[in-house]
>>> print(open('my_file.cif').read())   # mmCIF, C-alpha atoms and all ligand atoms
data_my_file
#
loop_
_atom_site.label_atom_id
_atom_site.label_comp_id
_atom_site.auth_asym_id
_atom_site.auth_seq_id
_atom_site.Cartn_x
_atom_site.Cartn_y
_atom_site.Cartn_z
CA MET A 91 -85.00 -34.50 -21.43
CA THR A 92 -86.37 -34.81 -24.97
CA ARG A 93 -86.45 -31.55 -26.88
CA ALA A 94 -89.33 -29.34 -25.78
CA PRO A 95 -91.54 -27.69 -28.43
CA GLY A 96 -89.81 -24.64 -29.88
CA GLN A 97 -86.29 -25.84 -29.07
CA MET A 98 -83.68 -25.66 -31.79
CA PRO A 99 -82.54 -29.23 -32.67
CA LEU A 100 -78.90 -28.27 -32.37
CA LEU A 101 -76.11 -29.44 -30.07
CA PHE A 102 -72.53 -28.28 -30.07
CA VAL A 103 -69.21 -28.42 -28.29
CA LEU A 104 -67.81 -25.10 -27.19
CA GLY A 105 -64.05 -24.73 -26.84
CA HIS A 106 -60.79 -23.58 -28.40
CA PRO A 107 -59.10 -25.14 -30.30
CA LEU A 108 -61.46 -27.91 -31.40
CA THR A 109 -59.65 -29.46 -34.34
CA HIS A 110 -59.05 -32.68 -32.36
CA SER A 111 -62.47 -33.01 -30.68
CA LEU A 112 -63.98 -36.48 -31.09
CA SER A 113 -67.36 -35.41 -29.68
CA PRO A 114 -69.06 -34.40 -32.98
CA ALA A 115 -68.37 -37.83 -34.54
CA MET A 116 -69.49 -39.67 -31.39
CA HIS A 117 -72.73 -37.70 -30.91
CA ASN A 118 -73.73 -37.47 -34.57
CA ALA A 119 -73.39 -41.26 -34.86
CA ALA A 120 -75.57 -41.67 -31.75
CA LEU A 121 -78.21 -39.19 -32.98
CA ARG A 122 -78.41 -40.96 -36.35
CA HIS A 123 -78.68 -44.32 -34.63
CA VAL A 124 -81.65 -43.32 -32.45
CA GLY A 125 -83.31 -41.54 -35.41
CA LEU A 126 -83.15 -37.97 -34.11
CA PRO A 127 -82.70 -35.41 -36.93
CA TRP A 128 -80.47 -33.17 -34.79
CA THR A 129 -76.96 -31.91 -35.52
CA TYR A 130 -73.92 -31.67 -33.22
CA LEU A 131 -71.34 -29.12 -34.34
CA PRO A 132 -67.95 -27.88 -33.11
CA LEU A 133 -68.10 -24.21 -32.08
CA ASP A 134 -64.55 -22.89 -31.84
CA ILE A 135 -64.75 -19.42 -30.28
CA GLU A 136 -62.69 -16.74 -28.55
CA LYS A 137 -63.12 -16.10 -24.82
CA SER A 138 -65.06 -12.84 -25.44
CA GLN A 139 -67.74 -14.83 -27.32
CA VAL A 140 -68.57 -17.22 -24.47
CA GLY A 141 -71.20 -14.94 -22.85
CA PRO A 142 -72.93 -14.01 -26.14
CA VAL A 143 -73.06 -17.67 -27.21
CA ILE A 144 -74.79 -18.68 -23.96
CA GLN A 145 -77.24 -15.77 -24.35
CA TRP A 146 -77.94 -16.97 -27.90
CA MET A 147 -78.54 -20.51 -26.60
CA LYS A 148 -81.10 -19.12 -24.16
CA GLY A 149 -82.83 -16.87 -26.73
CA SER A 150 -82.95 -19.50 -29.49
CA LYS A 151 -83.64 -22.40 -27.12
CA VAL A 152 -80.71 -24.39 -28.48
CA THR A 153 -81.10 -27.94 -27.14
CA GLY A 154 -77.73 -28.27 -25.41
CA ALA A 155 -73.95 -28.26 -25.56
CA ASN A 156 -70.74 -29.71 -24.28
CA VAL A 157 -68.02 -27.43 -22.98
CA THR A 158 -64.36 -28.24 -23.20
CA VAL A 159 -61.05 -26.51 -22.44
CA PRO A 160 -60.53 -23.63 -21.86
CA TYR A 161 -64.16 -22.62 -21.14
CA LYS A 162 -65.33 -25.19 -18.56
CA GLU A 163 -65.25 -22.55 -15.80
CA GLU A 164 -65.80 -19.53 -18.04
CA VAL A 165 -69.41 -20.50 -18.93
CA MET A 166 -70.63 -20.73 -15.32
CA PRO A 167 -71.67 -17.11 -14.61
CA PHE A 168 -73.77 -16.97 -17.80
CA LEU A 169 -75.94 -20.03 -17.01
CA ASP A 170 -79.29 -19.89 -15.14
CA LYS A 171 -78.16 -22.66 -12.80
CA VAL A 172 -75.01 -24.65 -12.04
CA GLU A 173 -75.51 -28.10 -10.47
CA PRO A 174 -73.69 -28.69 -7.13
CA ASN A 175 -71.27 -31.26 -8.62
CA ALA A 176 -70.10 -28.75 -11.25
CA LYS A 177 -69.87 -25.99 -8.63
CA TRP A 178 -67.64 -28.19 -6.47
CA LEU A 179 -65.43 -28.99 -9.45
CA GLY A 180 -65.44 -25.44 -10.79
CA SER A 181 -66.13 -27.00 -14.17
CA VAL A 182 -69.11 -27.48 -16.49
CA ASN A 183 -68.87 -29.97 -19.36
CA THR A 184 -72.58 -30.23 -20.25
CA ILE A 185 -75.27 -27.59 -20.74
CA HIS A 186 -78.90 -28.69 -20.84
CA TRP A 187 -82.42 -27.43 -20.13
CA LYS A 188 -84.05 -28.32 -16.83
CA GLY A 189 -87.39 -26.86 -15.70
CA GLY A 190 -87.10 -24.04 -18.25
CA LYS A 191 -83.61 -23.09 -17.01
CA LEU A 192 -80.33 -23.45 -18.84
CA CYS A 193 -78.23 -25.59 -16.48
CA GLY A 194 -74.58 -26.55 -16.30
CA THR A 195 -73.40 -29.87 -14.94
CA SER A 196 -70.39 -32.15 -15.17
CA THR A 197 -70.55 -35.76 -16.35
CA ASP A 198 -66.77 -36.26 -16.11
CA GLY A 199 -66.66 -37.85 -12.63
CA GLU A 200 -69.57 -40.23 -13.19
CA GLY A 201 -68.21 -40.97 -16.69
CA PHE A 202 -64.91 -42.01 -15.09
CA LEU A 203 -66.68 -44.27 -12.56
CA ARG A 204 -68.80 -45.95 -15.25
CA SER A 205 -65.69 -46.61 -17.31
CA LEU A 206 -64.34 -48.74 -14.44
CA GLY A 207 -67.00 -51.42 -14.90
CA PRO A 208 -66.67 -54.08 -12.16
CA TRP A 209 -63.68 -52.25 -10.60
CA ARG A 210 -66.04 -49.53 -9.37
CA LYS A 211 -67.31 -51.81 -6.58
CA LYS A 212 -63.76 -52.35 -5.35
CA LEU A 213 -63.20 -48.66 -4.62
CA LYS A 214 -64.92 -48.71 -1.23
CA GLY A 215 -62.28 -49.00 1.50
CA SER A 216 -59.42 -49.02 -1.03
CA THR A 217 -56.07 -47.20 -1.05
CA GLY A 218 -54.99 -45.55 -4.27
CA LEU A 219 -52.76 -43.05 -5.98
CA LEU A 220 -53.93 -40.21 -8.23
CA ILE A 221 -51.21 -38.66 -10.37
CA GLY A 222 -52.10 -35.11 -11.46
CA ALA A 223 -54.05 -32.19 -10.02
CA GLY A 224 -55.55 -30.48 -13.08
CA GLY A 225 -59.19 -30.39 -14.20
CA ALA A 226 -59.43 -34.10 -15.05
CA ALA A 227 -57.74 -35.12 -11.77
CA ARG A 228 -60.22 -32.94 -9.85
CA ALA A 229 -63.21 -34.67 -11.46
CA VAL A 230 -61.70 -38.10 -10.77
CA ALA A 231 -60.80 -37.21 -7.15
CA GLY A 232 -64.35 -36.03 -6.39
CA ALA A 233 -65.81 -39.21 -7.91
CA LEU A 234 -63.38 -41.44 -5.99
CA ALA A 235 -64.22 -39.73 -2.72
CA GLN A 236 -67.95 -40.34 -3.29
CA CYS A 237 -67.26 -44.06 -3.75
CA GLY A 238 -65.83 -44.48 -0.26
CA VAL A 239 -62.12 -44.65 -1.08
CA LYS A 240 -60.35 -44.92 2.28
CA ASN A 241 -56.87 -43.58 1.52
CA LEU A 242 -56.07 -41.30 -1.40
CA ARG A 243 -52.59 -40.11 -2.17
CA ILE A 244 -52.13 -37.34 -4.74
CA ALA A 245 -48.84 -36.79 -6.55
CA ASN A 246 -48.28 -33.89 -8.91
CA ARG A 247 -45.38 -31.93 -10.38
CA SER A 248 -46.59 -28.71 -8.77
CA LEU A 249 -47.32 -29.27 -5.09
CA ASP A 250 -49.23 -25.97 -4.91
CA ARG A 251 -51.86 -27.23 -7.33
CA ALA A 252 -52.03 -30.59 -5.57
CA GLY A 253 -52.40 -28.72 -2.25
CA ALA A 254 -55.38 -26.79 -3.60
CA LEU A 255 -57.04 -30.07 -4.65
CA LEU A 256 -56.33 -31.62 -1.26
CA LYS A 257 -57.90 -28.63 0.52
CA LYS A 258 -61.02 -28.97 -1.61
CA LEU A 259 -61.27 -32.70 -0.90
CA LYS A 260 -60.83 -32.26 2.85
CA LYS A 261 -63.64 -29.70 2.90
CA GLY A 262 -66.17 -31.85 1.04
CA HIS A 263 -65.09 -35.39 1.97
CA SER A 264 -63.63 -35.40 5.46
CA ALA A 265 -64.09 -39.19 5.91
CA MET A 266 -61.39 -39.95 3.34
CA ASP A 267 -57.76 -39.93 4.44
CA ALA A 268 -56.14 -37.83 1.71
CA ALA A 269 -52.55 -36.58 1.56
CA LEU A 270 -49.91 -35.37 -0.88
CA LEU A 271 -46.79 -37.19 -2.07
CA SER A 272 -44.03 -36.08 -4.38
CA LEU A 273 -43.75 -38.13 -7.57
CA ALA A 274 -40.57 -39.74 -6.17
CA GLU A 275 -42.31 -40.62 -2.87
CA ALA A 276 -45.28 -42.06 -4.79
CA GLU A 277 -42.90 -44.26 -6.78
CA ARG A 278 -41.29 -45.52 -3.57
CA SER A 279 -44.73 -46.26 -2.01
CA MET A 280 -46.08 -48.08 -5.08
CA GLY A 281 -46.50 -51.41 -3.28
CA ARG A 282 -49.26 -50.08 -1.00
CA PHE A 283 -51.72 -49.00 -3.72
CA ASP A 284 -54.74 -51.03 -4.85
CA TRP A 285 -55.00 -48.82 -7.92
CA VAL A 286 -53.20 -45.95 -9.68
CA VAL A 287 -54.87 -43.32 -11.90
CA GLN A 288 -52.65 -41.29 -14.24
CA ALA A 289 -54.48 -37.98 -14.84
CA THR A 290 -51.69 -35.70 -16.08
CA SER A 291 -51.31 -34.71 -19.73
CA ILE A 292 -47.99 -36.59 -19.97
CA GLY A 293 -48.33 -38.98 -22.89
CA LEU A 294 -50.61 -36.74 -24.90
CA LYS A 295 -47.68 -36.22 -27.29
CA PRO A 296 -46.07 -39.33 -28.81
CA ASN A 297 -42.92 -40.68 -27.13
CA GLU A 298 -43.38 -38.80 -23.84
CA ARG A 299 -41.88 -40.53 -20.81
CA SER A 300 -44.02 -41.89 -17.98
CA PRO A 301 -44.55 -39.59 -14.94
CA LEU A 302 -43.33 -42.39 -12.66
CA SER A 303 -42.35 -46.04 -12.71
CA LEU A 304 -44.75 -48.82 -11.71
CA ARG A 305 -41.82 -50.91 -10.49
CA GLY A 306 -42.91 -52.05 -7.01
CA ALA A 307 -46.62 -52.29 -7.88
CA ARG A 308 -48.37 -55.44 -6.72
CA GLN A 309 -49.59 -57.77 -9.49
CA SER A 310 -53.17 -57.03 -8.43
CA THR A 311 -52.82 -53.22 -8.69
CA TRP A 312 -55.08 -51.89 -11.44
CA VAL A 313 -53.83 -49.02 -13.50
CA ILE A 314 -55.74 -46.37 -15.45
CA ASP A 315 -54.48 -43.67 -17.77
CA LEU A 316 -57.02 -40.99 -18.71
CA ILE A 317 -55.28 -40.37 -22.03
CA TYR A 318 -57.19 -42.09 -24.84
CA HIS A 319 -55.16 -41.08 -27.89
CA ARG A 320 -52.63 -43.92 -27.73
CA GLU A 321 -50.98 -46.42 -25.40
CA THR A 322 -48.86 -44.09 -23.23
CA ALA A 323 -45.47 -45.07 -21.79
CA PHE A 324 -47.26 -45.42 -18.43
CA LEU A 325 -49.81 -47.94 -19.78
CA LYS A 326 -47.14 -49.71 -21.79
CA GLU A 327 -45.19 -50.32 -18.59
CA ALA A 328 -48.39 -51.62 -16.93
CA ARG A 329 -48.87 -54.03 -19.85
CA GLN A 330 -45.26 -55.17 -19.70
CA ARG A 331 -45.59 -55.82 -15.97
CA GLY A 332 -48.85 -57.75 -16.56
CA LEU A 333 -50.99 -55.35 -14.48
CA PRO A 334 -54.75 -55.00 -15.08
CA ARG A 335 -55.18 -51.71 -16.96
CA LEU A 336 -57.50 -49.32 -18.80
CA GLY A 337 -57.02 -46.32 -21.10
CA GLY A 338 -59.18 -43.18 -21.09
CA LEU A 339 -61.52 -44.02 -23.96
CA GLY A 340 -64.14 -45.46 -21.61
CA MET A 341 -64.31 -42.22 -19.61
CA LEU A 342 -64.69 -40.18 -22.80
CA LEU A 343 -67.45 -42.52 -23.97
CA HIS A 344 -69.39 -42.56 -20.71
CA GLN A 345 -69.22 -38.81 -20.04
CA GLY A 346 -70.60 -38.36 -23.57
CA ALA A 347 -73.30 -40.97 -23.03
CA LEU A 348 -74.45 -39.19 -19.86
CA SER A 349 -74.66 -35.86 -21.76
CA PHE A 350 -76.59 -37.56 -24.56
CA ASN A 351 -79.06 -38.90 -22.04
CA LEU A 352 -79.59 -35.43 -20.50
CA TRP A 353 -80.29 -33.84 -23.90
CA THR A 354 -82.44 -36.53 -25.46
CA GLY A 355 -83.97 -38.41 -22.52
CA ARG A 356 -82.88 -41.58 -24.30
CA LYS A 357 -80.42 -44.31 -23.43
CA ALA A 358 -77.18 -43.65 -25.28
CA PRO A 359 -76.18 -46.28 -27.87
CA LEU A 360 -72.80 -47.05 -26.29
CA GLY A 361 -71.63 -49.52 -28.95
CA VAL A 362 -72.32 -47.05 -31.79
CA MET A 363 -70.59 -44.23 -29.92
CA GLU A 364 -67.54 -46.33 -29.10
CA LYS A 365 -67.25 -47.44 -32.73
CA ALA A 366 -67.36 -43.80 -33.87
CA LEU A 367 -64.65 -42.85 -31.36
CA ARG A 368 -62.38 -45.73 -32.37
CA GLY A 369 -62.94 -44.91 -36.05
CA GLN A 370 -61.85 -41.29 -35.53
CA LEU A 371 -58.81 -42.31 -33.48
CA SER A 372 -57.64 -44.84 -36.06
CA LYS A 373 -57.97 -42.25 -38.86
CA ARG A 374 -55.72 -39.92 -36.87
CA ARG A 375 -53.09 -42.60 -36.36
CA VAL A 376 -52.73 -43.19 -40.13
P1 LIG A 401 -54.75 -29.70 -17.01
O1 LIG A 401 -53.96 -28.82 -17.92
O2 LIG A 401 -55.82 -29.12 -16.18
O3 LIG A 401 -53.71 -30.47 -16.02
C1 LIG A 401 -52.53 -31.05 -16.53
C2 LIG A 401 -51.91 -31.95 -15.48
O4 LIG A 401 -50.75 -32.57 -16.07
C3 LIG A 401 -51.41 -31.23 -14.24
O5 LIG A 401 -51.45 -32.11 -13.13
C4 LIG A 401 -49.94 -30.90 -14.63
O6 LIG A 401 -49.09 -30.71 -13.54
C5 LIG A 401 -49.56 -32.19 -15.32
N1 LIG A 401 -48.45 -32.03 -16.26
C6 LIG A 401 -48.50 -31.47 -17.50
N2 LIG A 401 -47.28 -31.52 -18.08
C7 LIG A 401 -46.45 -32.12 -17.18
C8 LIG A 401 -45.07 -32.47 -17.19
N3 LIG A 401 -44.29 -32.20 -18.24
N4 LIG A 401 -44.54 -33.07 -16.10
C9 LIG A 401 -45.32 -33.34 -15.01
N5 LIG A 401 -46.63 -33.06 -14.94
C10 LIG A 401 -47.19 -32.45 -16.01
O7 LIG A 401 -55.31 -30.88 -17.94
P2 LIG A 401 -56.57 -31.82 -17.65
O8 LIG A 401 -56.54 -32.19 -16.22
O9 LIG A 401 -57.78 -31.21 -18.20
O10 LIG A 401 -56.24 -33.09 -18.57
C11 LIG A 401 -55.20 -34.00 -18.23
C12 LIG A 401 -55.24 -35.18 -19.18
O11 LIG A 401 -56.42 -35.92 -19.01
C13 LIG A 401 -55.22 -34.74 -20.65
O12 LIG A 401 -54.18 -35.43 -21.27
C14 LIG A 401 -56.54 -35.16 -21.23
O13 LIG A 401 -56.37 -35.72 -22.52
C15 LIG A 401 -56.99 -36.26 -20.26
N6 LIG A 401 -58.43 -36.22 -20.12
C16 LIG A 401 -59.14 -37.35 -20.47
C17 LIG A 401 -60.48 -37.37 -20.35
C18 LIG A 401 -61.22 -38.60 -20.75
O14 LIG A 401 -62.46 -38.51 -20.93
N7 LIG A 401 -60.56 -39.72 -20.88
C19 LIG A 401 -61.25 -36.21 -19.84
C20 LIG A 401 -60.42 -35.08 -19.50
C21 LIG A 401 -59.07 -35.10 -19.65
P3 LIG A 401 -48.88 -29.21 -12.94
O15 LIG A 401 -50.07 -28.97 -12.05
O16 LIG A 401 -47.62 -29.34 -12.20
O17 LIG A 401 -48.82 -28.29 -14.11
#
>>> encode(input="my_file.cif", output="C-alpha cells")
Amino acid sequence: MTRAPGQMPLLFVLGHPLTHSLSPAMHNAALRHVGLPWTYLPLDIEKSQVGPVIQWMKGSKVTGANVTVPYKEEVMPFLDKVEPNAKWLGSVNTIHWKGGKLCGTSTDGEGFLRSLGPWRKKLKGSTGLLIGAGGAARAVAGALAQCGVKNLRIANRSLDRAGALLKKLKKGHSAMDAALLSLAEAERSMGRFDWVVQATSIGLKPNERSPLSLRGARQSTWVIDLIYHRETAFLKEARQRGLPRLGGLGMLLHQGALSFNLWTGRKAPLGVMEKALRGQLSKRRV
C-alpha cells in the first residue's frame, strides 16, 4: 500500500553479494516514472546483520525491501508475519507493511506465471518437466501446482534435494501426479512433455553446457530457462530446434512489478522497468 504517514521513503534489496543485482535500476526507474521521490538501494550485509537490519526497518518504518540470496530464509524469524506462500516455500523475497505489521511474502511464483503470458492458460491438465530443485525451482513448482498441472516430473543432479521438493509438493498439492527422474531419464522421456522449465544455475557462467538435450522434444513443446543474463546453451538448442521459448527476464520483471505494487499501491510501469533491466544487461555484456 502507499506509504503511510511517518514511513521512511526508502526501499532496498538485502543480500550478499549484490554487485550484480538489477533490482535498484529497475525499481528506481519505476519510482521516477510514477513520480515518487523514494530511493531503492542495495544493502550488502553479513549474516549477523540480518536481524538488526529488520529491527531497524521496524523502528524507522522503512517502506519495504526485497530479499535475495542468501537471506531469503534467514529474514523470516525477524518479521512480524510471514505469508503462507512464503512459509510453504521457506523463502521471502519481499518485505512490506500490512495492517501495521512488517510482513514477508514471495512474488517469485506469481512472477513466473505472469511471465508466461498466454501459455499460463495451457498449464491446466498439462505434463511437464522441471529441471532443478533449488530455491527458484521450488517457487516455480509451487506455482505450477496451483495452476492445475496434471503430471510434473522433476530432474535434478542431486536426487536428495529433488526428493525433498517432491515431498513438499505431495503434502501441499496431492492432486498433481509428481515424480522424480534422473537427468538421463528426463532426456529419454522428452517426447511426452508439453513444456520444460530449466531452473538450475547451469548457464549462469558463459559457455556452460546444457543440463540435458532437447532432442526428442515435440515441435509444440515450449521451453523456458530462468536464467536471464544471456541465451544459455539450453535456450540456444531450443532456438535451433525451432521450439517456442522464453528466457528468465520476464520472471525477474514480474516478481519486481508485484513487489512494487505491494509497496506503492500503484500499478507497476512494466515497459519502463523492462527497459531499465535490458539497459543494465546490455551494459554488462559490453
Ligand atoms: P540454488 O543454488 O538454490 O539451486 C541451484 C540448482 O542448480 C540446483 O538444482 C542445483 O542442483 C543445480 N546445479 C547447479 N550447478 C549444477 C551443475 N554443475 N550440474 C547440475 N546441476 C547444477 O539456485 P536458485 O534455485 O536460487 O537459482 C537457480 C537459477 O535460477 C539461477 O541461475 C538464477 O539466476 C535463476 N533465477 C532466476 C530468477 C528470475 O527471476 N528469472 C529468479 C531466481 C533464480 P543440486 O541440487 O544438485 O546442487
>>> closest_atom_pairs(input="my_file.cif", of="chain A", to="ligand LIG 401 (chain A)", cutoff="8 Å", atoms="all atoms listed in the file", output="Markdown table")
| residue | atom | partner | partner_atom | distance |
| --- | --- | --- | --- | --- |
| A:Val159 | CA | A:LIG401 | O9 | 7.1 |
| A:Asp198 | CA | A:LIG401 | C19 | 6.7 |
| A:Gly201 | CA | A:LIG401 | O14 | 7.6 |
| A:Phe202 | CA | A:LIG401 | O14 | 7.2 |
| A:Ile221 | CA | A:LIG401 | O5 | 7.1 |
| A:Gly222 | CA | A:LIG401 | O5 | 3.5 |
| A:Ala223 | CA | A:LIG401 | O5 | 4.1 |
| A:Gly224 | CA | A:LIG401 | O2 | 3.4 |
| A:Gly225 | CA | A:LIG401 | O8 | 3.8 |
| A:Ala226 | CA | A:LIG401 | O8 | 3.7 |
| A:Ala227 | CA | A:LIG401 | O8 | 5.5 |
| A:Arg228 | CA | A:LIG401 | O8 | 7.4 |
| A:Asn246 | CA | A:LIG401 | O5 | 5.6 |
| A:Arg247 | CA | A:LIG401 | O16 | 3.9 |
| A:Ser248 | CA | A:LIG401 | O16 | 3.6 |
| A:Leu249 | CA | A:LIG401 | O16 | 7.1 |
| A:Asp250 | CA | A:LIG401 | O15 | 7.8 |
| A:Arg251 | CA | A:LIG401 | O15 | 5.3 |
| A:Ala252 | CA | A:LIG401 | O15 | 7.0 |
| A:Ala289 | CA | A:LIG401 | O11 | 5.0 |
| A:Thr290 | CA | A:LIG401 | O4 | 3.3 |
| A:Ser291 | CA | A:LIG401 | O12 | 3.3 |
| A:Ile292 | CA | A:LIG401 | N2 | 5.5 |
| A:Gly293 | CA | A:LIG401 | O12 | 7.0 |
| A:Leu294 | CA | A:LIG401 | O12 | 5.3 |
| A:Pro301 | CA | A:LIG401 | C9 | 6.3 |
| A:Asp315 | CA | A:LIG401 | N7 | 7.9 |
| A:Leu316 | CA | A:LIG401 | N7 | 4.3 |
| A:Ile317 | CA | A:LIG401 | C15 | 4.8 |
| A:Tyr318 | CA | A:LIG401 | N7 | 5.7 |
| A:His319 | CA | A:LIG401 | O13 | 7.7 |
| A:Gly337 | CA | A:LIG401 | N7 | 7.5 |
| A:Gly338 | CA | A:LIG401 | N7 | 3.7 |
| A:Leu339 | CA | A:LIG401 | N7 | 5.4 |
| A:Gly340 | CA | A:LIG401 | N7 | 6.8 |
| A:Met341 | CA | A:LIG401 | O14 | 4.4 |
| A:Leu342 | CA | A:LIG401 | O14 | 3.4 |
| A:Leu343 | CA | A:LIG401 | O14 | 7.1 |
| A:Gln345 | CA | A:LIG401 | O14 | 6.8 |
>>> residues_around(input="my_file.cif", residues="segment 266-273 of chain A", least_positions_apart="4", cutoff="6 Å", atoms="all atoms listed in the file", output="PyMOL selection string")
chain A and resi 240-245
>>> residues_around(input="my_file.cif", residues="segment 137-139 of chain A", least_positions_apart="6", cutoff="9 Å", atoms="only C-alpha atoms", output="VMD selection string")
chain A and resid 105 to 106 160 to 161 164
>>> write_last_selection(input="my_file.cif", atoms="C-alpha atoms", output="PDB file, keeping the file's coordinate frame")
ATOM      1  CA  GLY A 105     -64.050 -24.730 -26.840  1.00  0.00           C
ATOM      2  CA  HIS A 106     -60.790 -23.580 -28.400  1.00  0.00           C
ATOM      3  CA  PRO A 160     -60.530 -23.630 -21.860  1.00  0.00           C
ATOM      4  CA  TYR A 161     -64.160 -22.620 -21.140  1.00  0.00           C
ATOM      5  CA  GLU A 164     -65.800 -19.530 -18.040  1.00  0.00           C
TER       6      GLU A 164
END
>>> residues_around(input="my_file.cif", residues="Val103 of chain A", least_positions_apart="6", cutoff="6 Å", atoms="all atoms listed in the file", output="ChimeraX atom specification")
/A:132-133,155-157
>>> residues_around(input="my_file.cif", residues="Val286 of chain A", least_positions_apart="3", cutoff="9 Å", atoms="all atoms listed in the file", output="ChimeraX atom specification")
/A:218-221,280,283,311-315
>>> write_last_selection(input="my_file.cif", atoms="C-alpha atoms", output="PDB file, in the frame of the given file")
ATOM      1  CA  GLY A 218     -54.990 -45.550  -4.270  1.00  0.00           C
ATOM      2  CA  LEU A 219     -52.760 -43.050  -5.980  1.00  0.00           C
ATOM      3  CA  LEU A 220     -53.930 -40.210  -8.230  1.00  0.00           C
ATOM      4  CA  ILE A 221     -51.210 -38.660 -10.370  1.00  0.00           C
ATOM      5  CA  MET A 280     -46.080 -48.080  -5.080  1.00  0.00           C
ATOM      6  CA  PHE A 283     -51.720 -49.000  -3.720  1.00  0.00           C
ATOM      7  CA  THR A 311     -52.820 -53.220  -8.690  1.00  0.00           C
ATOM      8  CA  TRP A 312     -55.080 -51.890 -11.440  1.00  0.00           C
ATOM      9  CA  VAL A 313     -53.830 -49.020 -13.500  1.00  0.00           C
ATOM     10  CA  ILE A 314     -55.740 -46.370 -15.450  1.00  0.00           C
ATOM     11  CA  ASP A 315     -54.480 -43.670 -17.770  1.00  0.00           C
TER      12      ASP A 315
END
>>> residues_near_point(input="my_file.cif", point="(-75.6, -28.1, -23.0)", cutoff="12 Å", atoms="all atoms listed in the file", output="NGL selection string")
:A and (91 or 99-104 or 130 or 143-144 or 147-148 or 151-158 or 162 or 165-166 or 169-172 or 182-188 or 191-197 or 346 or 348-354)
>>> residues_near_point(input="my_file.cif", point="(-45.1, -57.2, -11.8)", cutoff="8 Å", atoms="only C-alpha atoms", output="list in words")
Arg305, Gly306, Ala307, Arg308, Gln309, Arg331, Gly332 and Leu333 of chain A
>>> write_last_selection(input="my_file.cif", atoms="C-alpha atoms", output="mmCIF file, in the frame of the given file")
data_model
loop_
_atom_site.group_PDB
_atom_site.id
_atom_site.type_symbol
_atom_site.label_atom_id
_atom_site.label_comp_id
_atom_site.auth_asym_id
_atom_site.auth_seq_id
_atom_site.Cartn_x
_atom_site.Cartn_y
_atom_site.Cartn_z
ATOM 1 C CA ARG A 305 -41.820 -50.910 -10.490
ATOM 2 C CA GLY A 306 -42.910 -52.050 -7.010
ATOM 3 C CA ALA A 307 -46.620 -52.290 -7.880
ATOM 4 C CA ARG A 308 -48.370 -55.440 -6.720
ATOM 5 C CA GLN A 309 -49.590 -57.770 -9.490
ATOM 6 C CA ARG A 331 -45.590 -55.820 -15.970
ATOM 7 C CA GLY A 332 -48.850 -57.750 -16.560
ATOM 8 C CA LEU A 333 -50.990 -55.350 -14.480
#
>>> closest_residue(input="my_file.cif", among="A:Val362, A:Met116, A:Leu179, A:Ala347", to="Leu255 of chain A", atoms="only C-alpha atoms")
A:Leu179
>>> atom_distance(input="my_file.cif", atom1="atom CA of Pro142 of chain A", atom2="atom CA of Gly190 of chain A")
19.1 Å
>>> closest_residue(input="my_file.cif", among="A:Ser264, A:Val230, A:Ala115, A:Ser310", to="Lys212 of chain A", atoms="only C-alpha atoms")
A:Ser310
>>> atom_distance(input="my_file.cif", atom1="atom CA of Lys357 of chain A", atom2="atom CA of Gly125 of chain A")
12.6 Å
>>> atom_distance(input="my_file.cif", atom1="atom CA of Ala229 of chain A", atom2="atom CA of Thr217 of chain A")
17.8 Å
>>> closest_residue(input="my_file.cif", among="A:Leu213, A:Glu136, A:Trp128, A:Ala176", to="Pro107 of chain A", atoms="only C-alpha atoms")
A:Glu136
>>> residues_around(input="my_file.cif", residues="Lys211 of chain A", least_positions_apart="5", cutoff="12 Å", atoms="all atoms listed in the file", output="list in words")
Leu203, Arg204, Leu206, Ser216, Leu234, Gln236, Cys237, Gly238 and Val239 of chain A
>>> closest_residue(input="my_file.cif", among="A:Trp178, A:Arg210, A:Arg278, A:Leu302", to="Gly232 of chain A", atoms="only C-alpha atoms")
A:Trp178
